[in-house]
Each structure stands twice: as C-alpha cells, then as structure tokens.
$ cat run-v5.cif   # mmCIF, C-alpha atoms
data_run
#
loop_
_atom_site.label_atom_id
_atom_site.label_comp_id
_atom_site.auth_asym_id
_atom_site.auth_seq_id
_atom_site.Cartn_x
_atom_site.Cartn_y
_atom_site.Cartn_z
CA MET A 1 -38.54 -42.60 15.49
CA GLU A 2 -35.54 -41.51 13.54
CA ILE A 3 -33.84 -38.30 14.47
CA ARG A 4 -32.05 -36.67 11.65
CA PRO A 5 -28.73 -35.12 12.49
CA ILE A 6 -28.20 -31.51 11.57
CA ASN A 7 -26.21 -31.21 8.42
CA LEU A 8 -22.87 -29.90 9.63
CA THR A 9 -21.01 -29.75 6.37
CA ILE A 10 -20.09 -26.25 5.33
CA SER A 11 -21.75 -25.16 2.15
CA PRO A 12 -19.43 -25.09 -0.89
CA GLU A 13 -19.95 -21.33 -1.27
CA ARG A 14 -18.54 -20.63 2.14
CA GLU A 15 -15.62 -22.94 1.41
CA LYS A 16 -14.91 -20.92 -1.71
CA ILE A 17 -14.91 -17.64 0.23
CA LYS A 18 -12.61 -19.14 2.81
CA ALA A 19 -10.17 -20.33 0.15
CA SER A 20 -10.06 -17.10 -1.83
CA SER A 21 -9.68 -14.64 1.03
CA SER A 22 -6.13 -14.05 2.14
CA SER A 23 -5.13 -13.99 5.77
CA PHE A 24 -4.93 -10.84 7.86
CA LEU A 25 -1.16 -11.17 7.98
CA ASP A 26 -0.97 -11.20 4.18
CA GLU A 27 -3.09 -8.09 3.95
CA LEU A 28 -1.02 -6.34 6.58
CA SER A 29 2.29 -7.12 4.92
CA LYS A 30 0.86 -6.05 1.54
CA PHE A 31 -0.19 -2.78 3.14
CA ILE A 32 3.24 -2.22 4.70
CA HIS A 33 4.88 -2.91 1.34
CA TRP A 34 2.63 -0.33 -0.25
CA VAL A 35 3.51 2.27 2.41
CA ASN A 36 7.19 1.53 1.84
CA GLN A 37 6.77 1.97 -1.91
CA GLU A 38 5.15 5.36 -1.39
CA GLN A 39 8.00 6.46 0.87
CA GLN A 40 10.57 5.36 -1.70
CA LYS A 41 8.71 7.14 -4.50
CA ALA A 42 8.71 10.37 -2.48
CA GLU A 43 12.38 9.93 -1.68
CA ALA A 44 13.23 9.37 -5.36
CA ILE A 45 11.36 12.53 -6.34
CA LYS A 46 13.14 14.48 -3.60
CA ASP A 47 16.52 13.27 -4.89
CA ALA A 48 15.61 14.22 -8.46
CA VAL A 49 14.46 17.69 -7.41
CA LEU A 50 17.61 18.28 -5.39
CA LYS A 51 19.69 17.20 -8.38
CA GLY A 52 17.93 19.86 -10.44
CA ALA A 53 15.69 17.68 -12.59
CA ASP A 54 12.76 19.37 -14.33
CA ILE A 55 9.98 17.93 -12.19
CA PRO A 56 6.65 19.75 -11.96
CA LEU A 57 6.07 21.36 -8.59
CA HIS A 58 2.66 19.79 -8.11
CA GLN A 59 4.02 16.30 -8.72
CA MET A 60 6.49 16.77 -5.90
CA VAL A 61 3.81 18.10 -3.55
CA VAL A 62 1.39 15.29 -4.40
CA GLU A 63 4.00 12.55 -3.92
CA PHE A 64 5.04 14.00 -0.57
CA GLU A 65 1.45 14.23 0.61
CA LYS A 66 0.74 10.67 -0.51
CA ALA A 67 3.77 9.41 1.38
CA SER A 68 2.77 11.27 4.53
CA ILE A 69 -0.84 10.03 4.36
CA ALA A 70 0.36 6.46 3.89
CA LEU A 71 2.69 6.74 6.87
CA ASN A 72 -0.01 8.29 9.07
CA LEU A 73 -2.38 5.50 8.11
CA LEU A 74 0.24 2.88 8.99
CA ILE A 75 0.89 4.51 12.37
CA GLN A 76 -2.82 4.54 13.16
CA VAL A 77 -3.18 0.88 12.17
CA ARG A 78 -0.21 0.03 14.38
CA ASN A 79 -1.76 1.91 17.31
CA LYS A 80 -5.02 0.01 16.88
CA LEU A 81 -3.20 -3.33 16.74
CA VAL A 82 -1.18 -2.57 19.88
CA GLU A 83 -4.37 -1.47 21.62
CA ALA A 84 -6.11 -4.71 20.64
CA PHE A 85 -3.14 -6.78 21.79
CA GLN A 86 -3.06 -5.06 25.18
CA GLU A 87 -6.78 -5.55 25.61
CA LEU A 88 -6.37 -9.28 24.95
CA ASN A 89 -3.38 -9.41 27.28
CA ARG A 90 -5.31 -7.91 30.15
CA MET A 91 -8.22 -10.28 29.69
CA GLN A 92 -8.93 -12.60 32.65
CA VAL A 93 -9.08 -16.25 31.67
CA MET B 1 -4.57 1.01 -2.93
CA ASP B 2 -7.05 3.41 -4.35
CA ILE B 3 -7.51 5.75 -1.42
CA PHE B 4 -5.79 8.31 -3.64
CA LYS B 5 -8.47 8.14 -6.33
CA GLY B 6 -9.56 11.70 -5.58
CA ILE B 7 -6.01 13.00 -5.93
CA ASP B 8 -5.17 11.04 -9.07
CA LYS B 9 -8.31 12.35 -10.77
CA VAL B 10 -7.00 15.94 -10.59
CA LEU B 11 -3.38 15.17 -11.55
CA PRO B 12 -3.84 15.16 -15.36
CA HIS B 13 -5.43 18.61 -15.13
CA LEU B 14 -2.49 19.87 -13.09
CA ASN B 15 -0.05 18.45 -15.65
CA PHE B 16 -2.05 20.14 -18.38
CA ALA B 17 -1.98 23.53 -16.59
CA TRP B 18 1.76 23.14 -15.97
CA LYS B 19 2.45 22.37 -19.63
CA ARG B 20 0.22 25.22 -20.79
CA HIS B 21 2.05 27.64 -18.49
CA LYS B 22 5.35 26.71 -20.13
CA VAL B 23 3.93 27.11 -23.62
CA ILE B 24 2.47 30.54 -22.81
CA LEU B 25 5.79 31.62 -21.30
CA SER B 26 7.63 30.58 -24.45
CA ASN B 27 5.09 32.56 -26.50
CA ILE B 28 5.80 35.68 -24.43
CA ALA B 29 9.54 35.11 -24.62
CA ASN B 30 9.32 34.82 -28.40
CA ALA B 31 7.07 37.85 -28.87
CA ASP B 32 9.78 39.50 -30.99
CA THR B 33 11.21 36.45 -32.71
CA PRO B 34 10.77 36.59 -36.49
CA ASN B 35 8.77 33.75 -38.06
CA TYR B 36 7.61 32.50 -34.67
CA ARG B 37 4.08 31.12 -34.49
CA ALA B 38 2.15 31.29 -31.23
CA LYS B 39 1.42 27.90 -29.68
CA ASP B 40 -1.19 26.55 -27.31
CA VAL B 41 -2.02 23.26 -25.59
CA VAL B 42 -5.28 21.41 -25.99
CA MET B 43 -6.72 18.57 -23.96
CA GLU B 44 -7.16 15.37 -25.91
CA GLU B 45 -10.74 14.20 -25.60
CA GLU B 46 -10.99 10.81 -23.94
CA SER B 47 -13.35 9.06 -26.32
CA VAL B 48 -13.63 11.39 -29.30
CA GLY B 49 -10.91 11.27 -31.93
CA LYS B 50 -8.98 8.44 -30.37
CA LEU B 51 -8.39 5.57 -32.74
CA LYS B 52 -8.55 2.03 -31.52
CA ILE B 53 -5.62 -0.28 -31.99
CA THR B 54 -6.87 -3.25 -33.96
CA ARG B 55 -3.67 -4.45 -35.61
CA GLU B 56 -0.19 -5.10 -34.32
CA LYS B 57 1.37 -2.56 -36.68
CA HIS B 58 -0.83 0.30 -35.48
CA ILE B 59 1.02 3.04 -33.68
CA SER B 60 0.05 3.11 -30.03
CA PRO B 61 -0.83 6.50 -28.56
CA LYS B 62 1.73 7.99 -26.23
CA SER B 63 0.82 6.73 -22.80
CA GLY B 64 -0.18 9.33 -20.27
CA GLU B 65 -0.14 12.20 -22.74
CA VAL B 66 -3.68 13.49 -22.77
CA PHE B 67 -2.77 16.85 -24.25
CA ARG B 68 -0.83 18.08 -27.26
CA VAL B 69 0.77 21.32 -28.44
CA ILE B 70 -0.80 23.04 -31.42
CA GLU B 71 0.22 26.05 -33.48
CA ILE B 72 -2.22 28.93 -33.67
CA GLN B 73 -2.85 29.59 -37.35
CA ARG B 74 -5.18 32.58 -37.39
CA ARG B 75 -4.58 36.12 -36.19
CA LEU B 76 -2.85 39.06 -37.85
CA VAL B 77 0.73 38.39 -38.84
CA GLY B 78 3.17 41.34 -38.63
CA ASN B 79 6.04 42.19 -40.92
CA ASP B 80 8.25 39.66 -39.17
CA PHE B 81 5.64 36.88 -39.58
CA ASN B 82 5.21 36.66 -35.81
CA ASN B 83 1.62 36.24 -34.65
CA VAL B 84 2.04 36.48 -30.86
CA SER B 85 -0.42 38.82 -29.19
CA LEU B 86 1.19 39.88 -25.95
CA GLU B 87 -2.06 41.02 -24.29
CA GLU B 88 -3.80 37.77 -25.12
CA GLU B 89 -0.89 35.72 -23.81
CA MET B 90 -0.90 37.70 -20.55
CA ALA B 91 -4.63 37.09 -20.14
CA LYS B 92 -4.16 33.38 -20.83
CA LEU B 93 -1.31 33.25 -18.32
CA THR B 94 -3.48 34.71 -15.55
CA GLN B 95 -6.39 32.45 -16.42
CA ASN B 96 -4.12 29.42 -16.41
CA ARG B 97 -2.60 30.35 -13.06
CA ILE B 98 -6.03 30.65 -11.46
CA ALA B 99 -6.94 27.22 -12.86
CA TYR B 100 -3.70 25.76 -11.50
CA GLU B 101 -4.38 27.20 -8.05
CA ALA B 102 -7.91 25.83 -8.12
CA TYR B 103 -6.65 22.34 -8.98
CA MET B 104 -4.07 22.61 -6.21
CA ARG B 105 -6.85 23.53 -3.81
CA MET B 106 -8.77 20.41 -4.86
CA ILE B 107 -5.69 18.29 -4.09
CA ARG B 108 -5.32 20.00 -0.73
CA GLY B 109 -9.00 19.27 -0.02
CA SER B 110 -8.57 15.55 -0.72
CA VAL B 111 -5.40 15.40 1.36
CA ASP B 112 -7.02 17.18 4.32
CA LYS B 113 -10.03 14.89 4.12
CA LEU B 114 -7.86 11.76 4.21
CA ASN B 115 -5.77 13.09 7.08
CA ASN B 116 -8.91 13.99 9.00
CA ILE B 117 -10.32 10.50 8.59
CA ILE B 118 -7.04 8.87 9.62
CA LYS B 119 -6.89 11.00 12.76
CA GLU B 120 -10.56 10.14 13.44
CA GLY B 121 -11.49 13.80 13.58
CA ARG B 122 -9.14 14.43 16.46
CA GLN B 123 -6.60 17.16 16.13
#
$ encode --input "run-v5.cif" --output "structure tokens"
Amino acid sequence: MEIRPINLTISPEREKIKASSSSFLDELSKFIHWVNQEQQKAEAIKDAVLKGADIPLHQMVVEFEKASIALNLLIQVRNKLVEAFQELNRMQV
Amino acid sequence: MDIFKGIDKVLPHLNFAWKRHKVILSNIANADTPNYRAKDVVMEEESVGKLKITREKHISPKSGEVFRVIEIQRRLVGNDFNNVSLEEEMAKLTQNRIAYEAYMRMIRGSVDKLNNIIKEGRQ
C-alpha cells in the first residue's frame, strides 16, 4: 500500500505574501524616519514664527501637536520593545 | 502615516476661517475708505464648478486653495462709493471667531484621543 507524503510545498499565495511584506526592521526604521520628519517640520515652523513670518496660529499648534504625538508614540514603541527584549532575556532555556 | 487623518480633515476649515478673519478685518479697517468694496471669502465646492484638466495647456487650479476672495456687489453704496456695513462685519467677525474656536476644539479632541490611546488610558 502506497502512503502518500503530505504536500509540504508552500502555496504560491503565501510565497507572494512573504515576498511583498517588508521586515519588521524596515517598518521600524520607516516609522522612526517619519517621527524625525515631524520633529523637523515642527522645528522649521518654530524658526519661521520666531523670525516673524506670517504663519497662521492654528498651523503652528497643529504641527507642534503632531510632533509631540509622534514622539510619544515612538517612546511607547521603544518601551514595548525593551520590555519584550527583557522578557526574552529572562527566559530559561 | 495617516493617524492624523482626523486632524487633517479639519485643517482646510481652519485655514478658511483664518483667511475670512483677515478679510473681515480689512473690511472694518477700510470702512471709511472711498471707493472700497466689501469683500468676503467663499469655500470652493469640491465637485461642483471645478473643471477637469483634459489638455496639457489647461490651467491647473491652485493647489491647496479651496477658497477664494469675492467682492460683495449688492448693498447700499454711500456718497464715497463704499459699501461696508460696519454692523454686519462685526456680526460676521463674531460668527467667524466662534467657528474658528469650534474647529480648534475638534483638533484638540483628535489630539487628546490619540494621546490617550498612546498612553493606553493611563495618566
């Protein structure tokens, strides 16, 4: 009696998903770049306002808030990553 | 990143209120200027009245500008051909300021919500 082996090849659809999705590191560095951009935007607006440029008040407020939210988000992500690392570090093998 | 979708949705309205405030102020300042015509700002409708660009030579609409300044034609014109009505401008100014504050409150709401989520509800 012939026993058929289980088909172990990964379906092409899963291969496609694997190829298209970027790594966690890529996503993280993209995110950090974005946070940096927001900080620089806020800083540029601050410089312009201090120089006396005619910038609407709300635009300044919104850019500052965006920058602070982005930074807070980054800090929280960092805390989670450190937490995860420490958990792995403490793990008994 | 589109976590700021809620904020960006309100921004054009804030810009509009800011611009309108300036226009109303200039109306009040020119209440006694001869030959001055009162101005106002109107929101450009998104779909209505906007022409599509089908040829290369067509003029593209100014990007980001969703409002434009118009001259008020009607109303009684005095001896100096000035048609500013001070009372009406004052009323518009107050109305506009309330709108601006309301939009600012919307922004504050979105910001507080995002901060709350980031802090996981903790203080």
$ residues_around --input "run-v5.cif" --residues "region 26-34 of chain A" --least-positions-apart "2" --cutoff "10 Å" --atoms "only C-alpha atoms" --output "ChimeraX atom specification"
/A:21-24,36-40,67,70-71,73-74,77 /B:1
$ residues_around --input "run-v5.cif" --residues "Ala29 (chain B)" --least-positions-apart "5" --cutoff "10 Å" --atoms "all atoms listed in the file" --output "VMD selection string"
chain B and resid 23 to 24 84 86
$ resolve_selection --input "run-v5.cif" --expression "the PyMOL selection byres ((chain A) within 9 of (chain B))" --output "PDB file with C-alpha atoms, in the frame of the given file"
ATOM      1  CA  PHE A  31      -0.190  -2.780   3.140  1.00  0.00           C
ATOM      2  CA  TRP A  34       2.630  -0.330  -0.250  1.00  0.00           C
ATOM      3  CA  PRO A  56       6.650  19.750 -11.960  1.00  0.00           C
ATOM      4  CA  LEU A  57       6.070  21.360  -8.590  1.00  0.00           C
ATOM      5  CA  HIS A  58       2.660  19.790  -8.110  1.00  0.00           C
ATOM      6  CA  GLN A  59       4.020  16.300  -8.720  1.00  0.00           C
ATOM      7  CA  VAL A  62       1.390  15.290  -4.400  1.00  0.00           C
ATOM      8  CA  GLU A  65       1.450  14.230   0.610  1.00  0.00           C
ATOM      9  CA  LYS A  66       0.740  10.670  -0.510  1.00  0.00           C
ATOM     10  CA  ILE A  69      -0.840  10.030   4.360  1.00  0.00           C
ATOM     11  CA  ASN A  72      -0.010   8.290   9.070  1.00  0.00           C
ATOM     12  CA  LEU A  73      -2.380   5.500   8.110  1.00  0.00           C
ATOM     13  CA  GLN A  76      -2.820   4.540  13.160  1.00  0.00           C
TER      14      GLN A  76
END
$ closest_residue --input "run-v5.cif" --among "B:Asn96, B:Thr54, B:Ser85, B:Asn79" --to "Lys39 (chain B)" --atoms "only C-alpha atoms"
B:Ser85
$ residues_near_point --input "run-v5.cif" --point "(0.8, 38.2, -32.8)" --cutoff "12 Å" --atoms "all atoms listed in the file" --output "mmCIF file with C-alpha atoms, in the coordinates of the input"
data_model
loop_
_atom_site.group_PDB
_atom_site.id
_atom_site.type_symbol
_atom_site.label_atom_id
_atom_site.label_comp_id
_atom_site.auth_asym_id
_atom_site.auth_seq_id
_atom_site.Cartn_x
_atom_site.Cartn_y
_atom_site.Cartn_z
ATOM 1 C CA ASN B 27 5.090 32.560 -26.500
ATOM 2 C CA ILE B 28 5.800 35.680 -24.430
ATOM 3 C CA ASN B 30 9.320 34.820 -28.400
ATOM 4 C CA ALA B 31 7.070 37.850 -28.870
ATOM 5 C CA ASP B 32 9.780 39.500 -30.990
ATOM 6 C CA THR B 33 11.210 36.450 -32.710
ATOM 7 C CA PRO B 34 10.770 36.590 -36.490
ATOM 8 C CA ASN B 35 8.770 33.750 -38.060
ATOM 9 C CA TYR B 36 7.610 32.500 -34.670
ATOM 10 C CA ARG B 37 4.080 31.120 -34.490
ATOM 11 C CA ALA B 38 2.150 31.290 -31.230
ATOM 12 C CA LYS B 39 1.420 27.900 -29.680
ATOM 13 C CA ILE B 72 -2.220 28.930 -33.670
ATOM 14 C CA GLN B 73 -2.850 29.590 -37.350
ATOM 15 C CA ARG B 74 -5.180 32.580 -37.390
ATOM 16 C CA ARG B 75 -4.580 36.120 -36.190
ATOM 17 C CA LEU B 76 -2.850 39.060 -37.850
ATOM 18 C CA VAL B 77 0.730 38.390 -38.840
ATOM 19 C CA GLY B 78 3.170 41.340 -38.630
ATOM 20 C CA ASN B 79 6.040 42.190 -40.920
ATOM 21 C CA ASP B 80 8.250 39.660 -39.170
ATOM 22 C CA PHE B 81 5.640 36.880 -39.580
ATOM 23 C CA ASN B 82 5.210 36.660 -35.810
ATOM 24 C CA ASN B 83 1.620 36.240 -34.650
ATOM 25 C CA VAL B 84 2.040 36.480 -30.860
ATOM 26 C CA SER B 85 -0.420 38.820 -29.190
ATOM 27 C CA LEU B 86 1.190 39.880 -25.950
ATOM 28 C CA GLU B 87 -2.060 41.020 -24.290
ATOM 29 C CA GLU B 88 -3.800 37.770 -25.120
ATOM 30 C CA GLU B 89 -0.890 35.720 -23.810
#
$ atom_distance --input "run-v5.cif" --atom1 "CA of Thr94 (chain B)" --atom2 "CA of Val49 (chain A)"
26.0 Å
$ decode --input "run-v5.cif" --residues "region 75-106 of chain B" --atoms "N, CA, C and O atoms" --output "PDB file, in the first residue's frame"
ATOM      1  N   ARG B  75     -25.859  95.814  -1.842  1.00  0.00           N
ATOM      2  CA  ARG B  75     -25.892  96.693  -0.697  1.00  0.00           C
ATOM      3  C   ARG B  75     -25.825  98.162  -1.117  1.00  0.00           C
ATOM      4  O   ARG B  75     -25.260  98.501  -2.161  1.00  0.00           O
ATOM      5  N   LEU B  76     -26.342  99.008  -0.229  1.00  0.00           N
ATOM      6  CA  LEU B  76     -26.393 100.447  -0.493  1.00  0.00           C
ATOM      7  C   LEU B  76     -24.978 101.021  -0.549  1.00  0.00           C
ATOM      8  O   LEU B  76     -24.140 100.731   0.298  1.00  0.00           O
ATOM      9  N   VAL B  77     -24.734 101.826  -1.552  1.00  0.00           N
ATOM     10  CA  VAL B  77     -23.435 102.474  -1.668  1.00  0.00           C
ATOM     11  C   VAL B  77     -23.584 103.942  -1.277  1.00  0.00           C
ATOM     12  O   VAL B  77     -24.466 104.647  -1.764  1.00  0.00           O
ATOM     13  N   GLY B  78     -22.712 104.420  -0.362  1.00  0.00           N
ATOM     14  CA  GLY B  78     -22.798 105.803   0.118  1.00  0.00           C
ATOM     15  C   GLY B  78     -22.215 106.790  -0.876  1.00  0.00           C
ATOM     16  O   GLY B  78     -21.891 106.439  -2.021  1.00  0.00           O
ATOM     17  N   ASN B  79     -22.065 108.013  -0.453  1.00  0.00           N
ATOM     18  CA  ASN B  79     -21.542 109.048  -1.329  1.00  0.00           C
ATOM     19  C   ASN B  79     -20.106 108.787  -1.755  1.00  0.00           C
ATOM     20  O   ASN B  79     -19.654 109.239  -2.802  1.00  0.00           O
ATOM     21  N   ASP B  80     -19.376 108.056  -0.887  1.00  0.00           N
ATOM     22  CA  ASP B  80     -17.971 107.785  -1.213  1.00  0.00           C
ATOM     23  C   ASP B  80     -17.806 106.425  -1.902  1.00  0.00           C
ATOM     24  O   ASP B  80     -16.705 105.917  -2.009  1.00  0.00           O
ATOM     25  N   PHE B  81     -18.920 105.862  -2.384  1.00  0.00           N
ATOM     26  CA  PHE B  81     -18.897 104.569  -3.076  1.00  0.00           C
ATOM     27  C   PHE B  81     -18.297 103.447  -2.235  1.00  0.00           C
ATOM     28  O   PHE B  81     -17.644 102.548  -2.754  1.00  0.00           O
ATOM     29  N   ASN B  82     -18.498 103.528  -0.939  1.00  0.00           N
ATOM     30  CA  ASN B  82     -18.002 102.484  -0.030  1.00  0.00           C
ATOM     31  C   ASN B  82     -19.213 101.702   0.461  1.00  0.00           C
ATOM     32  O   ASN B  82     -20.173 102.284   0.955  1.00  0.00           O
ATOM     33  N   ASN B  83     -19.203 100.386   0.304  1.00  0.00           N
ATOM     34  CA  ASN B  83     -20.393  99.622   0.696  1.00  0.00           C
ATOM     35  C   ASN B  83     -20.142  98.726   1.906  1.00  0.00           C
ATOM     36  O   ASN B  83     -20.706  97.652   2.036  1.00  0.00           O
ATOM     37  N   VAL B  84     -19.248  99.133   2.811  1.00  0.00           N
ATOM     38  CA  VAL B  84     -19.006  98.340   4.025  1.00  0.00           C
ATOM     39  C   VAL B  84     -20.087  98.665   5.043  1.00  0.00           C
ATOM     40  O   VAL B  84     -20.360  99.828   5.329  1.00  0.00           O
ATOM     41  N   SER B  85     -20.700  97.606   5.584  1.00  0.00           N
ATOM     42  CA  SER B  85     -21.651  97.798   6.674  1.00  0.00           C
ATOM     43  C   SER B  85     -20.969  97.339   7.959  1.00  0.00           C
ATOM     44  O   SER B  85     -20.704  96.153   8.142  1.00  0.00           O
ATOM     45  N   LEU B  86     -20.661  98.305   8.806  1.00  0.00           N
ATOM     46  CA  LEU B  86     -19.857  98.002   9.988  1.00  0.00           C
ATOM     47  C   LEU B  86     -20.535  96.974  10.890  1.00  0.00           C
ATOM     48  O   LEU B  86     -19.882  96.039  11.377  1.00  0.00           O
ATOM     49  N   GLU B  87     -21.845  97.120  11.092  1.00  0.00           N
ATOM     50  CA  GLU B  87     -22.566  96.184  11.975  1.00  0.00           C
ATOM     51  C   GLU B  87     -22.485  94.773  11.430  1.00  0.00           C
ATOM     52  O   GLU B  87     -22.240  93.818  12.168  1.00  0.00           O
ATOM     53  N   GLU B  88     -22.695  94.654  10.125  1.00  0.00           N
ATOM     54  CA  GLU B  88     -22.679  93.328   9.516  1.00  0.00           C
ATOM     55  C   GLU B  88     -21.286  92.696   9.629  1.00  0.00           C
ATOM     56  O   GLU B  88     -21.145  91.499   9.905  1.00  0.00           O
ATOM     57  N   GLU B  89     -20.275  93.517   9.434  1.00  0.00           N
ATOM     58  CA  GLU B  89     -18.905  92.989   9.521  1.00  0.00           C
ATOM     59  C   GLU B  89     -18.601  92.514  10.936  1.00  0.00           C
ATOM     60  O   GLU B  89     -17.956  91.476  11.129  1.00  0.00           O
ATOM     61  N   MET B  90     -19.080  93.287  11.939  1.00  0.00           N
ATOM     62  CA  MET B  90     -18.876  92.889  13.335  1.00  0.00           C
ATOM     63  C   MET B  90     -19.550  91.553  13.615  1.00  0.00           C
ATOM     64  O   MET B  90     -18.978  90.670  14.259  1.00  0.00           O
ATOM     65  N   ALA B  91     -20.777  91.417  13.115  1.00  0.00           N
ATOM     66  CA  ALA B  91     -21.521  90.160  13.324  1.00  0.00           C
ATOM     67  C   ALA B  91     -20.786  88.990  12.677  1.00  0.00           C
ATOM     68  O   ALA B  91     -20.624  87.922  13.278  1.00  0.00           O
ATOM     69  N   LYS B  92     -20.281  89.237  11.454  1.00  0.00           N
ATOM     70  CA  LYS B  92     -19.552  88.179  10.743  1.00  0.00           C
ATOM     71  C   LYS B  92     -18.275  87.796  11.498  1.00  0.00           C
ATOM     72  O   LYS B  92     -17.900  86.628  11.576  1.00  0.00           O
ATOM     73  N   LEU B  93     -17.631  88.835  12.064  1.00  0.00           N
ATOM     74  CA  LEU B  93     -16.386  88.598  12.804  1.00  0.00           C
ATOM     75  C   LEU B  93     -16.638  87.662  13.989  1.00  0.00           C
ATOM     76  O   LEU B  93     -15.902  86.691  14.201  1.00  0.00           O
ATOM     77  N   THR B  94     -17.705  87.954  14.745  1.00  0.00           N
ATOM     78  CA  THR B  94     -18.026  87.120  15.909  1.00  0.00           C
ATOM     79  C   THR B  94     -18.365  85.693  15.485  1.00  0.00           C
ATOM     80  O   THR B  94     -17.873  84.723  16.062  1.00  0.00           O
ATOM     81  N   GLN B  95     -19.188  85.612  14.444  1.00  0.00           N
ATOM     82  CA  GLN B  95     -19.585  84.297  13.934  1.00  0.00           C
ATOM     83  C   GLN B  95     -18.355  83.487  13.519  1.00  0.00           C
ATOM     84  O   GLN B  95     -18.217  82.313  13.851  1.00  0.00           O
ATOM     85  N   ASN B  96     -17.454  84.169  12.827  1.00  0.00           N
ATOM     86  CA  ASN B  96     -16.259  83.501  12.325  1.00  0.00           C
ATOM     87  C   ASN B  96     -15.368  83.040  13.470  1.00  0.00           C
ATOM     88  O   ASN B  96     -14.780  81.962  13.426  1.00  0.00           O
ATOM     89  N   ARG B  97     -15.285  83.876  14.526  1.00  0.00           N
ATOM     90  CA  ARG B  97     -14.438  83.506  15.653  1.00  0.00           C
ATOM     91  C   ARG B  97     -14.982  82.276  16.364  1.00  0.00           C
ATOM     92  O   ARG B  97     -14.216  81.394  16.765  1.00  0.00           O
ATOM     93  N   ILE B  98     -16.303  82.217  16.493  1.00  0.00           N
ATOM     94  CA  ILE B  98     -16.909  81.047  17.134  1.00  0.00           C
ATOM     95  C   ILE B  98     -16.615  79.792  16.312  1.00  0.00           C
ATOM     96  O   ILE B  98     -16.274  78.735  16.849  1.00  0.00           O
ATOM     97  N   ALA B  99     -16.718  79.927  14.973  1.00  0.00           N
ATOM     98  CA  ALA B  99     -16.426  78.790  14.104  1.00  0.00           C
ATOM     99  C   ALA B  99     -14.977  78.350  14.276  1.00  0.00           C
ATOM    100  O   ALA B  99     -14.679  77.152  14.403  1.00  0.00           O
ATOM    101  N   TYR B 100     -14.067  79.330  14.322  1.00  0.00           N
ATOM    102  CA  TYR B 100     -12.645  79.022  14.476  1.00  0.00           C
ATOM    103  C   TYR B 100     -12.400  78.268  15.777  1.00  0.00           C
ATOM    104  O   TYR B 100     -11.680  77.271  15.818  1.00  0.00           O
ATOM    105  N   GLU B 101     -13.027  78.753  16.853  1.00  0.00           N
ATOM    106  CA  GLU B 101     -12.848  78.086  18.150  1.00  0.00           C
ATOM    107  C   GLU B 101     -13.394  76.667  18.122  1.00  0.00           C
ATOM    108  O   GLU B 101     -12.807  75.747  18.698  1.00  0.00           O
ATOM    109  N   ALA B 102     -14.524  76.493  17.425  1.00  0.00           N
ATOM    110  CA  ALA B 102     -15.110  75.155  17.332  1.00  0.00           C
ATOM    111  C   ALA B 102     -14.175  74.211  16.586  1.00  0.00           C
ATOM    112  O   ALA B 102     -13.951  73.065  17.018  1.00  0.00           O
ATOM    113  N   TYR B 103     -13.581  74.699  15.486  1.00  0.00           N
ATOM    114  CA  TYR B 103     -12.651  73.858  14.727  1.00  0.00           C
ATOM    115  C   TYR B 103     -11.429  73.521  15.583  1.00  0.00           C
ATOM    116  O   TYR B 103     -10.928  72.390  15.565  1.00  0.00           O
ATOM    117  N   MET B 104     -10.966  74.524  16.352  1.00  0.00           N
ATOM    118  CA  MET B 104      -9.820  74.280  17.219  1.00  0.00           C
ATOM    119  C   MET B 104     -10.149  73.201  18.245  1.00  0.00           C
ATOM    120  O   MET B 104      -9.315  72.378  18.594  1.00  0.00           O
ATOM    121  N   ARG B 105     -11.401  73.248  18.735  1.00  0.00           N
ATOM    122  CA  ARG B 105     -11.818  72.253  19.720  1.00  0.00           C
ATOM    123  C   ARG B 105     -11.834  70.858  19.100  1.00  0.00           C
ATOM    124  O   ARG B 105     -11.484  69.876  19.759  1.00  0.00           O
ATOM    125  N   MET B 106     -12.230  70.779  17.828  1.00  0.00           N
ATOM    126  CA  MET B 106     -12.202  69.482  17.134  1.00  0.00           C
ATOM    127  C   MET B 106     -10.775  68.946  17.079  1.00  0.00           C
ATOM    128  O   MET B 106     -10.528  67.762  17.323  1.00  0.00           O
TER     129      MET B 106
END
